[in-house]
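Visitor: So here's coords-v2.cif (mmCIF, C-alpha atoms).
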```cif
data_upload
loop_
_atom_site.label_atom_id
_atom_site.label_comp_id
_atom_site.auth_asym_id
_atom_site.auth_seq_id
_atom_site.Cartn_x
_atom_site.Cartn_y
_atom_site.Cartn_z
CA MET B 8 0.00 0.00 0.00
CA PHE B 9 2.75 2.46 0.99
CA THR B 10 5.64 1.11 -1.11
CA LEU B 11 5.24 3.62 -3.94
CA LEU B 12 4.81 6.55 -1.52
CA CYS B 13 7.94 5.52 0.44
CA THR B 14 10.00 5.36 -2.76
CA HIS B 15 8.54 8.74 -3.78
CA ILE B 16 9.50 10.35 -0.45
CA GLU B 17 12.91 8.63 -0.34
CA LYS B 18 13.90 10.38 -3.60
CA ARG B 19 13.61 13.72 -1.76
CA VAL B 20 14.38 13.12 1.93
CA HIS B 21 15.93 10.24 3.82
CA LEU B 22 13.67 8.79 6.52
CA THR B 23 14.39 5.91 8.91
CA ASP B 24 12.07 2.87 8.85
CA GLU B 25 10.49 4.17 12.05
CA GLU B 26 9.85 7.61 10.51
CA PHE B 27 8.25 5.98 7.46
CA GLU B 28 6.00 3.96 9.73
CA ILE B 29 5.00 7.06 11.71
CA SER B 30 4.37 9.10 8.55
CA GLY B 31 2.28 6.40 6.86
CA LYS B 32 -0.23 6.41 9.70
CA PHE B 33 -1.45 9.89 8.78
CA PHE B 34 -2.60 8.82 5.30
CA THR B 35 -6.02 7.30 4.57
CA PRO B 36 -6.30 4.87 1.64
CA LYS B 37 -9.26 5.38 -0.69
CA LYS B 38 -10.45 3.46 -3.73
CA LEU B 39 -12.22 5.38 -6.48
CA ARG B 40 -14.29 3.79 -9.22
CA LYS B 41 -14.05 5.22 -12.71
CA LYS B 42 -16.01 8.54 -12.84
CA GLN B 43 -16.19 8.80 -9.02
CA PHE B 44 -15.52 12.28 -7.62
CA LEU B 45 -12.81 13.11 -5.12
CA LEU B 46 -13.85 16.79 -5.11
CA GLN B 47 -16.74 18.80 -6.52
CA GLU B 48 -17.03 22.53 -7.20
CA GLY B 49 -18.18 24.44 -4.11
CA GLU B 50 -16.71 21.93 -1.66
CA VAL B 51 -13.59 22.65 0.38
CA CYS B 52 -10.69 20.44 -0.73
CA ARG B 53 -9.91 18.65 2.56
CA HIS B 54 -7.11 16.39 1.26
CA ILE B 55 -4.07 16.15 -0.87
CA GLY B 56 -3.96 12.75 -2.52
CA PHE B 57 -1.03 10.61 -3.60
CA VAL B 58 -1.98 8.44 -6.59
CA ASN B 59 -1.02 4.82 -5.98
CA SER B 60 -2.63 3.53 -9.16
CA GLY B 61 -5.01 4.72 -11.87
CA CYS B 62 -5.52 8.21 -13.17
CA LEU B 63 -7.48 11.30 -12.06
CA ARG B 64 -8.17 14.65 -13.61
CA GLN B 65 -8.82 18.12 -12.18
CA TYR B 66 -11.09 20.35 -14.23
CA THR B 67 -13.44 23.34 -14.25
CA VAL B 68 -16.78 23.65 -15.99
CA ASP B 69 -17.49 27.00 -17.68
CA ASN B 70 -20.85 28.83 -17.96
CA LYS B 71 -21.60 26.98 -21.19
CA GLY B 72 -21.04 23.60 -19.54
CA ALA B 73 -17.70 22.92 -21.25
CA GLU B 74 -15.02 21.11 -19.24
CA HIS B 75 -11.45 22.46 -19.06
CA ILE B 76 -8.89 20.00 -17.72
CA VAL B 77 -6.12 21.77 -15.81
CA GLN B 78 -4.28 18.69 -14.58
CA PHE B 79 -4.00 14.95 -14.94
CA ALA B 80 -2.65 12.93 -12.01
CA ILE B 81 -1.21 9.51 -12.71
CA GLU B 82 0.59 6.95 -10.54
CA ASP B 83 3.27 8.55 -8.35
CA TRP B 84 1.72 12.07 -8.65
CA TRP B 85 -0.23 14.20 -6.21
CA VAL B 86 -3.71 15.55 -6.79
CA SER B 87 -5.46 18.39 -4.97
CA ASP B 88 -6.88 21.86 -5.28
CA LEU B 89 -3.99 23.24 -3.28
CA ASN B 90 -5.49 26.71 -2.97
CA SER B 91 -8.70 25.39 -1.40
CA TYR B 92 -6.67 22.97 0.77
CA LEU B 93 -4.46 25.76 2.11
CA THR B 94 -7.07 28.51 2.48
CA GLY B 95 -10.14 26.45 3.45
CA LEU B 96 -12.12 28.30 0.74
CA PRO B 97 -14.57 26.45 -1.55
CA SER B 98 -12.99 25.01 -4.66
CA ASN B 99 -13.73 26.01 -8.26
CA TYR B 100 -12.65 22.56 -9.44
CA TYR B 101 -13.86 19.02 -9.87
CA ILE B 102 -11.50 16.08 -9.38
CA ASP B 103 -12.65 12.68 -10.61
CA ALA B 104 -11.20 9.31 -11.58
CA LEU B 105 -10.70 8.53 -15.27
CA GLN B 106 -10.05 4.87 -14.35
CA ASP B 107 -10.49 2.79 -11.20
CA SER B 108 -7.85 4.37 -8.96
CA LYS B 109 -6.26 4.06 -5.54
CA VAL B 110 -5.16 7.15 -3.64
CA LEU B 111 -3.61 7.87 -0.25
CA LEU B 112 -5.30 10.91 1.26
CA LEU B 113 -3.71 13.34 3.69
CA GLU B 114 -6.02 15.75 5.53
CA LYS B 115 -4.68 19.18 6.43
CA SER B 116 -4.85 18.63 10.20
CA ALA B 117 -3.23 15.19 9.70
CA ARG B 118 -0.46 16.84 7.69
CA ASP B 119 0.18 19.33 10.50
CA LYS B 120 0.41 16.46 12.98
CA LEU B 121 2.66 14.51 10.61
CA LEU B 122 5.00 17.53 10.37
CA ASP B 123 5.18 17.75 14.16
CA ALA B 124 5.76 14.00 14.49
CA CYS B 125 8.35 13.85 11.70
CA PRO B 126 9.99 17.28 11.10
CA LYS B 127 12.09 15.89 8.23
CA MET B 128 8.87 15.89 6.20
CA GLU B 129 8.95 19.71 6.28
CA ARG B 130 11.69 19.48 3.65
CA PHE B 131 9.65 17.00 1.62
CA PHE B 132 6.59 19.28 1.51
CA ARG B 133 8.74 22.35 0.84
CA LEU B 134 10.28 20.53 -2.16
CA LEU B 135 6.86 19.35 -3.31
CA LEU B 136 5.53 22.93 -3.20
CA GLU B 137 8.55 24.18 -5.16
CA ALA B 138 7.99 21.52 -7.83
CA ASN B 139 4.31 22.44 -7.94
CA TYR B 140 5.19 26.14 -8.26
CA ILE B 141 7.51 25.44 -11.21
CA ALA B 142 4.97 23.16 -12.92
CA THR B 143 2.12 25.67 -12.51
CA HIS B 144 4.30 28.50 -13.80
CA SER B 145 5.34 26.43 -16.78
CA ARG B 146 1.72 25.42 -17.53
CA VAL B 147 0.56 29.07 -17.49
CA THR B 148 3.50 30.29 -19.59
CA GLU B 149 2.97 27.53 -22.13
CA SER B 150 -0.74 28.18 -22.43
CA LEU B 151 0.03 31.83 -23.19
CA SER B 152 3.11 31.58 -25.37
CA THR B 153 3.42 28.25 -27.21
CA SER B 154 1.57 26.78 -30.18
CA ALA B 155 -0.92 23.92 -29.82
CA GLU B 156 1.57 21.63 -31.59
CA GLU B 157 4.33 22.49 -29.11
CA ARG B 158 1.95 21.90 -26.19
CA TYR B 159 0.95 18.54 -27.66
CA LEU B 160 4.58 17.43 -28.04
CA LYS B 161 5.30 18.54 -24.45
CA PHE B 162 2.24 16.60 -23.29
CA ILE B 163 3.42 13.34 -24.92
CA LYS B 164 6.81 13.80 -23.30
CA THR B 165 5.36 14.60 -19.84
CA TYR B 166 2.66 11.92 -19.82
CA PRO B 167 3.86 9.13 -22.17
CA LYS B 168 1.64 6.50 -20.49
CA LEU B 169 -1.39 8.72 -20.25
CA PHE B 170 -1.34 9.36 -23.96
CA GLU B 171 -2.40 5.75 -24.56
CA GLN B 172 -4.93 5.57 -21.73
CA VAL B 173 -7.00 8.73 -21.98
CA PRO B 174 -9.67 9.63 -24.59
CA GLN B 175 -8.45 12.13 -27.18
CA ASN B 176 -11.14 14.68 -26.22
CA HIS B 177 -9.65 14.87 -22.69
CA ILE B 178 -6.20 15.50 -24.13
CA ALA B 179 -7.66 18.24 -26.37
CA SER B 180 -9.34 19.82 -23.33
CA TYR B 181 -6.04 19.81 -21.42
CA LEU B 182 -4.30 21.44 -24.40
CA GLY B 183 -7.05 24.07 -24.74
CA ILE B 184 -7.96 23.08 -28.31
CA THR B 185 -10.85 21.30 -30.04
CA PRO B 186 -10.68 17.53 -30.71
CA GLN B 187 -10.69 18.44 -34.42
CA SER B 188 -7.56 20.59 -34.03
CA LEU B 189 -5.84 17.78 -32.11
CA SER B 190 -6.69 15.36 -34.93
CA ARG B 191 -5.21 17.75 -37.49
CA ILE B 192 -2.02 18.25 -35.45
CA ARG B 193 -1.55 14.49 -35.05
CA LYS B 194 -2.03 13.97 -38.79
CA GLU B 195 0.46 16.71 -39.67
CA LEU B 196 3.05 15.34 -37.23
CA SER B 197 2.68 11.80 -38.60
CA GLN B 198 3.43 13.16 -42.10
CA LYS B 199 6.60 15.00 -41.02
CA MET J 23 19.90 45.20 10.36
CA PHE J 24 18.23 41.86 11.13
CA THR J 25 15.62 43.00 13.67
CA LEU J 26 12.74 43.15 11.19
CA LEU J 27 13.69 39.79 9.62
CA CYS J 28 13.89 38.13 13.06
CA THR J 29 10.42 39.43 13.97
CA HIS J 30 9.17 38.25 10.58
CA ILE J 31 10.55 34.73 11.09
CA GLU J 32 9.45 34.58 14.73
CA LYS J 33 5.81 34.99 13.65
CA ARG J 34 6.08 31.65 11.81
CA VAL J 35 8.68 29.52 13.62
CA HIS J 36 10.35 29.78 16.99
CA LEU J 37 14.15 29.96 16.78
CA THR J 38 16.66 30.21 19.63
CA ASP J 39 19.01 33.23 19.73
CA GLU J 40 21.77 30.96 18.47
CA GLU J 41 19.66 29.76 15.54
CA PHE J 42 18.82 33.37 14.62
CA GLU J 43 22.51 34.23 14.69
CA ILE J 44 23.39 31.24 12.48
CA SER J 45 20.55 32.00 10.04
CA GLY J 46 21.41 35.69 9.72
CA LYS J 47 24.91 34.88 8.46
CA PHE J 48 23.56 33.51 5.20
CA PHE J 49 21.93 36.81 4.19
CA THR J 50 23.79 39.59 2.38
CA PRO J 51 22.66 43.20 2.98
CA LYS J 52 22.29 45.37 -0.11
CA LYS J 53 21.37 49.03 -0.54
CA LEU J 54 19.53 50.04 -3.68
CA ARG J 55 19.20 53.59 -4.90
CA LYS J 56 15.87 54.67 -6.40
CA LYS J 57 15.56 53.19 -9.95
CA GLN J 58 18.44 50.73 -9.36
CA PHE J 59 17.81 47.20 -10.67
CA LEU J 60 17.93 44.06 -8.55
CA LEU J 61 17.10 41.90 -11.60
CA GLN J 62 16.85 42.46 -15.33
CA GLU J 63 15.07 40.41 -17.98
CA GLY J 64 17.28 37.61 -19.33
CA GLU J 65 19.30 37.29 -16.12
CA VAL J 66 18.89 34.37 -13.73
CA CYS J 67 17.35 35.50 -10.44
CA ARG J 68 20.06 34.42 -7.99
CA HIS J 69 18.45 35.73 -4.79
CA ILE J 70 15.30 36.05 -2.83
CA GLY J 71 15.29 39.40 -1.05
CA PHE J 72 13.71 40.44 2.23
CA VAL J 73 12.78 44.14 2.16
CA ASN J 74 14.10 45.92 5.25
CA SER J 75 13.05 49.38 4.08
CA GLY J 76 11.84 51.12 0.94
CA CYS J 77 9.81 49.67 -1.90
CA LEU J 78 10.53 47.60 -5.02
CA ARG J 79 8.45 46.48 -7.96
CA GLN J 80 8.57 43.43 -10.24
CA TYR J 81 7.41 43.99 -13.82
CA THR J 82 7.51 42.80 -17.41
CA VAL J 83 7.90 44.92 -20.53
CA ASP J 84 5.73 43.91 -23.50
CA ASN J 85 6.62 44.08 -27.22
CA LYS J 86 5.28 47.62 -27.41
CA GLY J 87 7.52 48.74 -24.53
CA ALA J 88 4.68 49.02 -21.98
CA GLU J 89 5.45 48.03 -18.39
CA HIS J 90 3.15 45.65 -16.47
CA ILE J 91 3.71 45.57 -12.73
CA VAL J 92 3.02 42.11 -11.27
CA GLN J 93 4.10 42.81 -7.71
CA PHE J 94 5.10 45.53 -5.29
CA ALA J 95 7.35 44.62 -2.35
CA ILE J 96 7.34 46.89 0.68
CA GLU J 97 8.98 46.64 4.11
CA ASP J 98 8.60 43.17 5.65
CA TRP J 99 7.87 41.52 2.26
CA TRP J 100 9.94 39.26 0.04
CA VAL J 101 10.87 39.99 -3.56
CA SER J 102 12.10 37.56 -6.19
CA ASP J 103 11.33 35.87 -9.48
CA LEU J 104 10.77 32.59 -7.68
CA ASN J 105 10.50 30.56 -10.87
CA SER J 106 13.91 31.71 -12.12
CA TYR J 107 15.37 31.30 -8.60
CA LEU J 108 14.15 27.71 -8.33
CA THR J 109 14.79 26.57 -11.92
CA GLY J 110 17.94 28.55 -12.75
CA LEU J 111 16.25 29.67 -16.00
CA PRO J 112 16.54 33.29 -17.25
CA SER J 113 13.87 35.61 -15.88
CA ASN J 114 11.18 37.40 -17.88
CA TYR J 115 11.01 40.11 -15.23
CA TYR J 116 12.67 43.28 -14.06
CA ILE J 117 12.90 44.14 -10.38
CA ASP J 118 13.87 47.70 -9.44
CA ALA J 119 13.64 50.07 -6.50
CA LEU J 120 10.88 52.71 -6.48
CA GLN J 121 12.61 54.43 -3.54
CA ASP J 122 16.01 54.11 -1.87
CA SER J 123 15.69 50.63 -0.34
CA LYS J 124 17.55 48.15 1.85
CA VAL J 125 17.20 44.43 1.22
CA LEU J 126 18.66 41.27 2.74
CA LEU J 127 19.56 38.85 -0.05
CA LEU J 128 19.62 35.08 0.22
CA GLU J 129 21.33 33.14 -2.59
CA LYS J 130 19.99 29.72 -3.47
CA SER J 131 23.14 27.85 -2.39
CA ALA J 132 23.19 29.92 0.82
CA ARG J 133 19.57 28.98 1.46
CA ASP J 134 20.41 25.28 1.04
CA LYS J 135 23.25 25.67 3.55
CA LEU J 136 20.98 27.62 5.91
CA LEU J 137 18.40 24.81 5.77
CA ASP J 138 21.09 22.24 6.63
CA ALA J 139 22.45 24.43 9.46
CA CYS J 140 19.00 25.26 10.85
CA PRO J 141 16.38 22.64 9.86
CA LYS J 142 13.61 24.58 11.65
CA MET J 143 13.81 27.04 8.76
CA GLU J 144 12.39 24.32 6.47
CA ARG J 145 9.01 25.06 8.07
CA PHE J 146 9.51 28.79 7.59
CA PHE J 147 10.21 28.43 3.87
CA ARG J 148 7.38 25.91 3.44
CA LEU J 149 4.97 28.41 5.02
CA LEU J 150 6.40 31.24 2.90
CA LEU J 151 5.84 29.19 -0.27
CA GLU J 152 2.28 28.39 0.79
CA ALA J 153 1.56 32.08 1.39
CA ASN J 154 3.11 32.90 -1.99
CA TYR J 155 1.00 30.21 -3.66
CA ILE J 156 -2.21 31.62 -2.16
CA ALA J 157 -1.28 35.22 -3.07
CA THR J 158 -0.38 34.30 -6.66
CA HIS J 159 -3.60 32.31 -7.07
CA SER J 160 -5.63 35.19 -5.67
CA ARG J 161 -3.88 37.70 -7.98
CA VAL J 162 -4.62 35.60 -11.09
CA THR J 163 -8.23 34.92 -10.08
CA GLU J 164 -8.82 38.61 -9.36
CA SER J 165 -7.32 39.74 -12.65
CA LEU J 166 -9.70 37.38 -14.46
CA SER J 167 -12.88 37.74 -12.47
CA THR J 168 -13.15 41.06 -10.64
CA SER J 169 -13.84 44.60 -11.81
CA ALA J 170 -11.17 47.31 -11.87
CA GLU J 171 -12.96 49.06 -8.99
CA GLU J 172 -12.90 45.91 -6.86
CA ARG J 173 -9.20 45.41 -7.62
CA TYR J 174 -8.50 49.01 -6.67
CA LEU J 175 -10.30 48.67 -3.32
CA LYS J 176 -8.40 45.42 -2.62
CA PHE J 177 -5.15 47.20 -3.49
CA ILE J 178 -5.77 50.02 -1.00
CA LYS J 179 -6.54 47.42 1.67
CA THR J 180 -3.46 45.29 0.89
CA TYR J 181 -0.99 48.15 0.49
CA PRO J 182 -2.34 51.09 2.57
CA LYS J 183 1.12 52.70 2.88
CA LEU J 184 2.07 52.15 -0.72
CA PHE J 185 -0.98 53.97 -1.93
CA GLU J 186 0.49 57.24 -0.66
CA GLN J 187 4.05 56.56 -1.82
CA VAL J 188 3.77 55.30 -5.38
CA PRO J 189 2.90 57.28 -8.55
CA GLN J 190 -0.65 56.69 -9.76
CA ASN J 191 0.54 55.34 -13.12
CA HIS J 192 2.33 52.47 -11.30
CA ILE J 193 -0.84 51.62 -9.41
CA ALA J 194 -2.80 51.65 -12.71
CA SER J 195 -0.19 49.31 -14.24
CA TYR J 196 -0.52 46.90 -11.30
CA LEU J 197 -4.33 46.95 -11.68
CA GLY J 198 -4.11 46.36 -15.43
CA ILE J 199 -5.94 49.58 -16.34
CA THR J 200 -5.00 52.97 -17.84
CA PRO J 201 -4.17 55.93 -15.55
CA GLN J 202 -7.31 57.61 -16.98
CA SER J 203 -9.51 54.71 -15.84
CA LEU J 204 -7.92 54.82 -12.39
CA SER J 205 -8.66 58.55 -12.19
CA ARG J 206 -12.29 57.93 -13.13
CA ILE J 207 -12.66 55.12 -10.54
CA ARG J 208 -11.19 57.32 -7.79
CA LYS J 209 -13.54 60.16 -8.71
CA GLU J 210 -16.57 57.87 -8.72
CA LEU J 211 -15.63 56.37 -5.34
CA SER J 212 -15.14 59.81 -3.77
CA GLN J 213 -18.67 60.73 -4.86
CA LYS J 214 -20.26 57.63 -3.32
#
```
As a first step, turn the structure in this file into structure tokens.

Guide:
Amino acid sequence: MFTLLCTHIEKRVHLTDEEFEISGKFFTPKKLRKKQFLLQEGEVCRHIGFVNSGCLRQYTVDNKGAEHIVQFAIEDWWVSDLNSYLTGLPSNYYIDALQDSKVLLLEKSARDKLLDACPKMERFFRLLLEANYIATHSRVTESLSTSAEERYLKFIKTYPKLFEQVPQNHIASYLGITPQSLSRIRKELSQK
Amino acid sequence: MFTLLCTHIEKRVHLTDEEFEISGKFFTPKKLRKKQFLLQEGEVCRHIGFVNSGCLRQYTVDNKGAEHIVQFAIEDWWVSDLNSYLTGLPSNYYIDALQDSKVLLLEKSARDKLLDACPKMERFFRLLLEANYIATHSRVTESLSTSAEERYLKFIKTYPKLFEQVPQNHIASYLGITPQSLSRIRKELSQK
């Protein structure tokens, strides 16, 4: 259950076996069926989730009912509306499972207790936040300054597995283009 | 020199006198004259800076030469292009002093050494990143979803001192409106 999470943490900070055991106790395992929600718009995001298996997506729905995917979360990634989690304000996002998935959830109060019980995890969460900051910055910059083709190529490189698992219309939504444009880009690239 | 910084840190984590003394050694004091640059576009942002006195601004310059202020930093605030600082990539921003200012600079390698020498500061920087995350999120959301008048009222509340110190055209740039629009909003509010 915790093997993947331990390996994930170990890449960033070195914990003793005892510290791993202590830290693990603050997480709650949860199974999600395909299409099941982890978060819905208007709710406060109470957890950050570590994805043990499967795939989730975070998205908004605009006034016309169209979905805009801001993030996919696959195995070994975290998923959350961090702003809602940190501020306690209602979320503007939905998070649901694209496949049957298993996540390890960490509530905010549990995280605070974990940090008191195992101060080395302060470094882990600081590094996680830094990585998140860089990824968010890069996502915003790309959406403003790169072509759809460049974003598609970056997507394949970032999520090589996901590319095979997720419907094309979800990938188009993440890239901010229509499924028709994605089709055209794929065709053009295959001819190059 | 370090009194304000110590008070600032003490609000978030409790350090012993010895730990404060150790931590302070990693910062480098720097005086900036009005209009002097701390960072220019294309350079890597090597420091985060704690503002001891004065006021700085972070801005971009678009293709037409217009400045867009993304952030002011007054006494007791931090200033940096965090993305460039964390990734080592060239910055898209300028940071300069709007008044004669004094800052305490912390280089990235010095911060890593500080965190090894005083692990309690991991919590401080984690909390600082969280606050930055929330502020950035709020700034983006506001720029997309609130009226110029609402943004102006929020600005006065956030930066009550700054409002008296900074030229109106800088405030208009921060709010993403023309100086003429700002004038109109101020007039309308004074008549309410």

Visitor: Show which residues sit within 10 Å of J:Phe177, as a list of chain:residue names. Count only C-alpha atoms, and ignore same-chain residues fewer than 5 positions away.

Guide: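 Counting only the stated atoms, we get J:Glu171, J:Glu172, J:Pro182, J:Leu184, J:Phe185, J:Ile193, J:Tyr196, J:Leu197.
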
Visitor: Given only C-alpha atoms as the basis, pick out the residue of J:Glu32, J:Glu43, J:Glu144, J:Asp118 nearest to J:Glu63.

Guide: J:Asp118

Visitor: Could you make a table, as a tab-separated table, of the residues of chain B that have an atom within 8 Å of an atom of chain J, each with its nearest atom pair and distance in Å to one decimal, counting all atoms listed in the file, in chain and number order?

Guide:
```
residue	atom	partner	partner_atom	distance
B:Asn90	CA	J:Ile156	CA	6.0
B:Leu93	CA	J:Glu152	CA	7.4
B:Thr94	CA	J:Ile156	CA	7.4
B:Glu129	CA	J:Arg145	CA	5.6
B:Arg130	CA	J:Glu144	CA	5.6
B:Phe132	CA	J:Arg148	CA	7.0
B:Arg133	CA	J:Arg148	CA	4.6
B:Leu136	CA	J:Leu151	CA	6.9
B:Glu137	CA	J:Leu108	CA	7.3
B:Tyr140	CA	J:Asn105	CA	7.4
B:Ile141	CA	J:Asn105	CA	5.9
B:His144	CA	J:Asn105	CA	7.2
```

Visitor: Excluding B:Ile76 and its own-chain neighbours fewer than 5 positions away, which residues fall within 7 Å of it when counting all atoms listed in the file? Please give them as an NGL selection string.

Guide: :B and (64-67 or 180-181)

Visitor: Point out the residue among J:Val73, J:Leu37, J:Leu127, J:Cys28 with the least atom-to-atom distance to J:Phe94, counting all atoms listed in the file.

Guide: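 Closest to J:Phe94 of all the choices is J:Val73.
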
Visitor: Let me make sure I understand: among B:His54, B:Arg146, B:Lys71, B:Lys164, which one has the smallest atom-to-atom distance to B:Val86 if we use all atoms listed in the file?

Guide: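 Checking each candidate against B:Val86, we get B:His54 as the closest.
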
Visitor: In Å to one decimal, how far is atom CA of B:Phe44 from atom CA of B:Ala80?

Guide: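 Straight-line distance from atom CA of B:Ala80 to atom CA of B:Phe44 works out to 13.6 Å.
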
Visitor: Quote the spacing between atom CA of J:Asp122 and atom CA of J:Asn85 in Å to one decimal place.

Guide: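 Value for the atom CA of J:Asp122-atom CA of J:Asn85 distance: 28.8 Å.
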
Visitor: So that I can check the surroundings of stretch 188-195 of chain B, please list as an MDAnalysis selection string every protein, DNA and RNA residue that reaches within 7 Å of it, counting all atoms listed in the file and ignoring chain neighbours fewer than 4 positions away.

Guide: chainID B and resid 156 179 184 199

Visitor: Please, could you write that set of residues out with C-alpha atoms as an mmCIF file, in the frame of the given file?

Guide:
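For reference, out-v3.cif as written:
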```
data_model
loop_
_atom_site.group_PDB
_atom_site.id
_atom_site.type_symbol
_atom_site.label_atom_id
_atom_site.label_comp_id
_atom_site.auth_asym_id
_atom_site.auth_seq_id
_atom_site.Cartn_x
_atom_site.Cartn_y
_atom_site.Cartn_z
ATOM 1 C CA GLU B 156 1.570 21.630 -31.590
ATOM 2 C CA ALA B 179 -7.660 18.240 -26.370
ATOM 3 C CA ILE B 184 -7.960 23.080 -28.310
ATOM 4 C CA LYS B 199 6.600 15.000 -41.020
#
```

Visitor: Counting only C-alpha atoms, what is within 12 Å of B:Tyr166, bar same-chain residues fewer than 5 positions away, as number ranges by chain?

Guide: B: 62, 78-84, 158-161, 171-173, 178, 181

Visitor: With all atoms listed in the file as the counted atoms, please give the residues lying no more than 7 Å from B:Lys115, apart from itself and same-chain residues fewer than 3 positions off, as a PyMOL selection string.

Guide: chain B and resi 53-54+118-119

Visitor: Give the answer as one residue: which of J:Asp103, J:Val92, J:Ala119, J:Met23 has the shortest atom-to-atom distance to J:Lys56, using all atoms listed in the file?

Guide: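 For J:Lys56, the nearest of the candidates is J:Ala119.
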
Visitor: From the options B:Gly183, B:Pro36, B:Gly31, B:Pro174, which residue's atoms come nearest to B:Gly56, counting only C-alpha atoms?

Guide: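 Selected residue with least distance to B:Gly56: B:Pro36.
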
Visitor: Please report the interatomic distance between atom CA of J:Ser75 and atom CA of J:Leu60 in Å with one decimal.

Guide: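 Interatomic distance, atom CA of J:Ser75 to atom CA of J:Leu60: 14.5 Å.
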
Visitor: Taking the point (-10.1, 19.5, -4.8) as given in the file, collect each protein or nucleic acid residue that comes within 6 Å of it, counting all atoms listed in the file, and present the set as a VMD selection string.

Guide: chain B and resid 46 52 87 to 88 102

Visitor: For the residues in the current selection, export C-alpha atoms as a short mmCIF file (atom, residue, chain, number, x, y, z; two decimals), keeping the file's coordinate frame.

Guide:
```cif
data_model
loop_
_atom_site.label_atom_id
_atom_site.label_comp_id
_atom_site.auth_asym_id
_atom_site.auth_seq_id
_atom_site.Cartn_x
_atom_site.Cartn_y
_atom_site.Cartn_z
CA LEU B 46 -13.85 16.79 -5.11
CA CYS B 52 -10.69 20.44 -0.73
CA SER B 87 -5.46 18.39 -4.97
CA ASP B 88 -6.88 21.86 -5.28
CA ILE B 102 -11.50 16.08 -9.38
#
```

Visitor: Evaluate the PyMOL selection byres ((chain B and resi 39) around 6) on the structure here and hand back the selected residues as a CSV table (one decimal) with C-alpha atoms, in the coordinates of the input.

Guide:
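This is the output file result.csv:
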```
chain,number,residue,atom,x,y,z
B,38,LYS,CA,-10.4,3.5,-3.7
B,40,ARG,CA,-14.3,3.8,-9.2
B,43,GLN,CA,-16.2,8.8,-9.0
B,107,ASP,CA,-10.5,2.8,-11.2
B,108,SER,CA,-7.8,4.4,-9.0
```

Visitor: Between J:Lys135, J:Ser167, J:Cys140, J:Gln121, which is the closest to J:Val35 once you count all atoms listed in the file?

Guide: J:Cys140

Visitor: Writing N, CA and C atoms and nothing else, produce stretch 165-176 of chain J as a tab-separated table (two decimals), in the first residue's frame.

Guide:
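Writing the result to selection.tsv gives the following:
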```tsv
chain	number	residue	atom	x	y	z
J	165	SER	N	-7.54	39.07	-11.36
J	165	SER	CA	-7.32	39.74	-12.65
J	165	SER	C	-8.30	39.21	-13.68
J	166	LEU	N	-8.77	37.97	-13.49
J	166	LEU	CA	-9.70	37.38	-14.46
J	166	LEU	C	-11.16	37.66	-14.13
J	167	SER	N	-11.46	37.81	-12.83
J	167	SER	CA	-12.88	37.74	-12.47
J	167	SER	C	-13.42	38.95	-11.71
J	168	THR	N	-12.59	39.94	-11.37
J	168	THR	CA	-13.15	41.06	-10.64
J	168	THR	C	-13.03	42.35	-11.45
J	169	SER	N	-13.85	43.33	-11.09
J	169	SER	CA	-13.84	44.60	-11.81
J	169	SER	C	-12.64	45.43	-11.37
J	170	ALA	N	-12.29	46.42	-12.18
J	170	ALA	CA	-11.17	47.31	-11.87
J	170	ALA	C	-11.40	48.00	-10.52
J	171	GLU	N	-12.65	48.39	-10.26
J	171	GLU	CA	-12.96	49.06	-8.99
J	171	GLU	C	-12.71	48.13	-7.80
J	172	GLU	N	-13.14	46.88	-7.93
J	172	GLU	CA	-12.90	45.91	-6.86
J	172	GLU	C	-11.40	45.70	-6.64
J	173	ARG	N	-10.65	45.62	-7.74
J	173	ARG	CA	-9.20	45.41	-7.62
J	173	ARG	C	-8.53	46.61	-6.94
J	174	TYR	N	-9.04	47.79	-7.26
J	174	TYR	CA	-8.50	49.01	-6.67
J	174	TYR	C	-8.76	49.03	-5.16
J	175	LEU	N	-9.96	48.68	-4.75
J	175	LEU	CA	-10.30	48.67	-3.32
J	175	LEU	C	-9.46	47.63	-2.57
J	176	LYS	N	-9.25	46.47	-3.21
J	176	LYS	CA	-8.40	45.42	-2.62
J	176	LYS	C	-6.95	45.93	-2.48
```
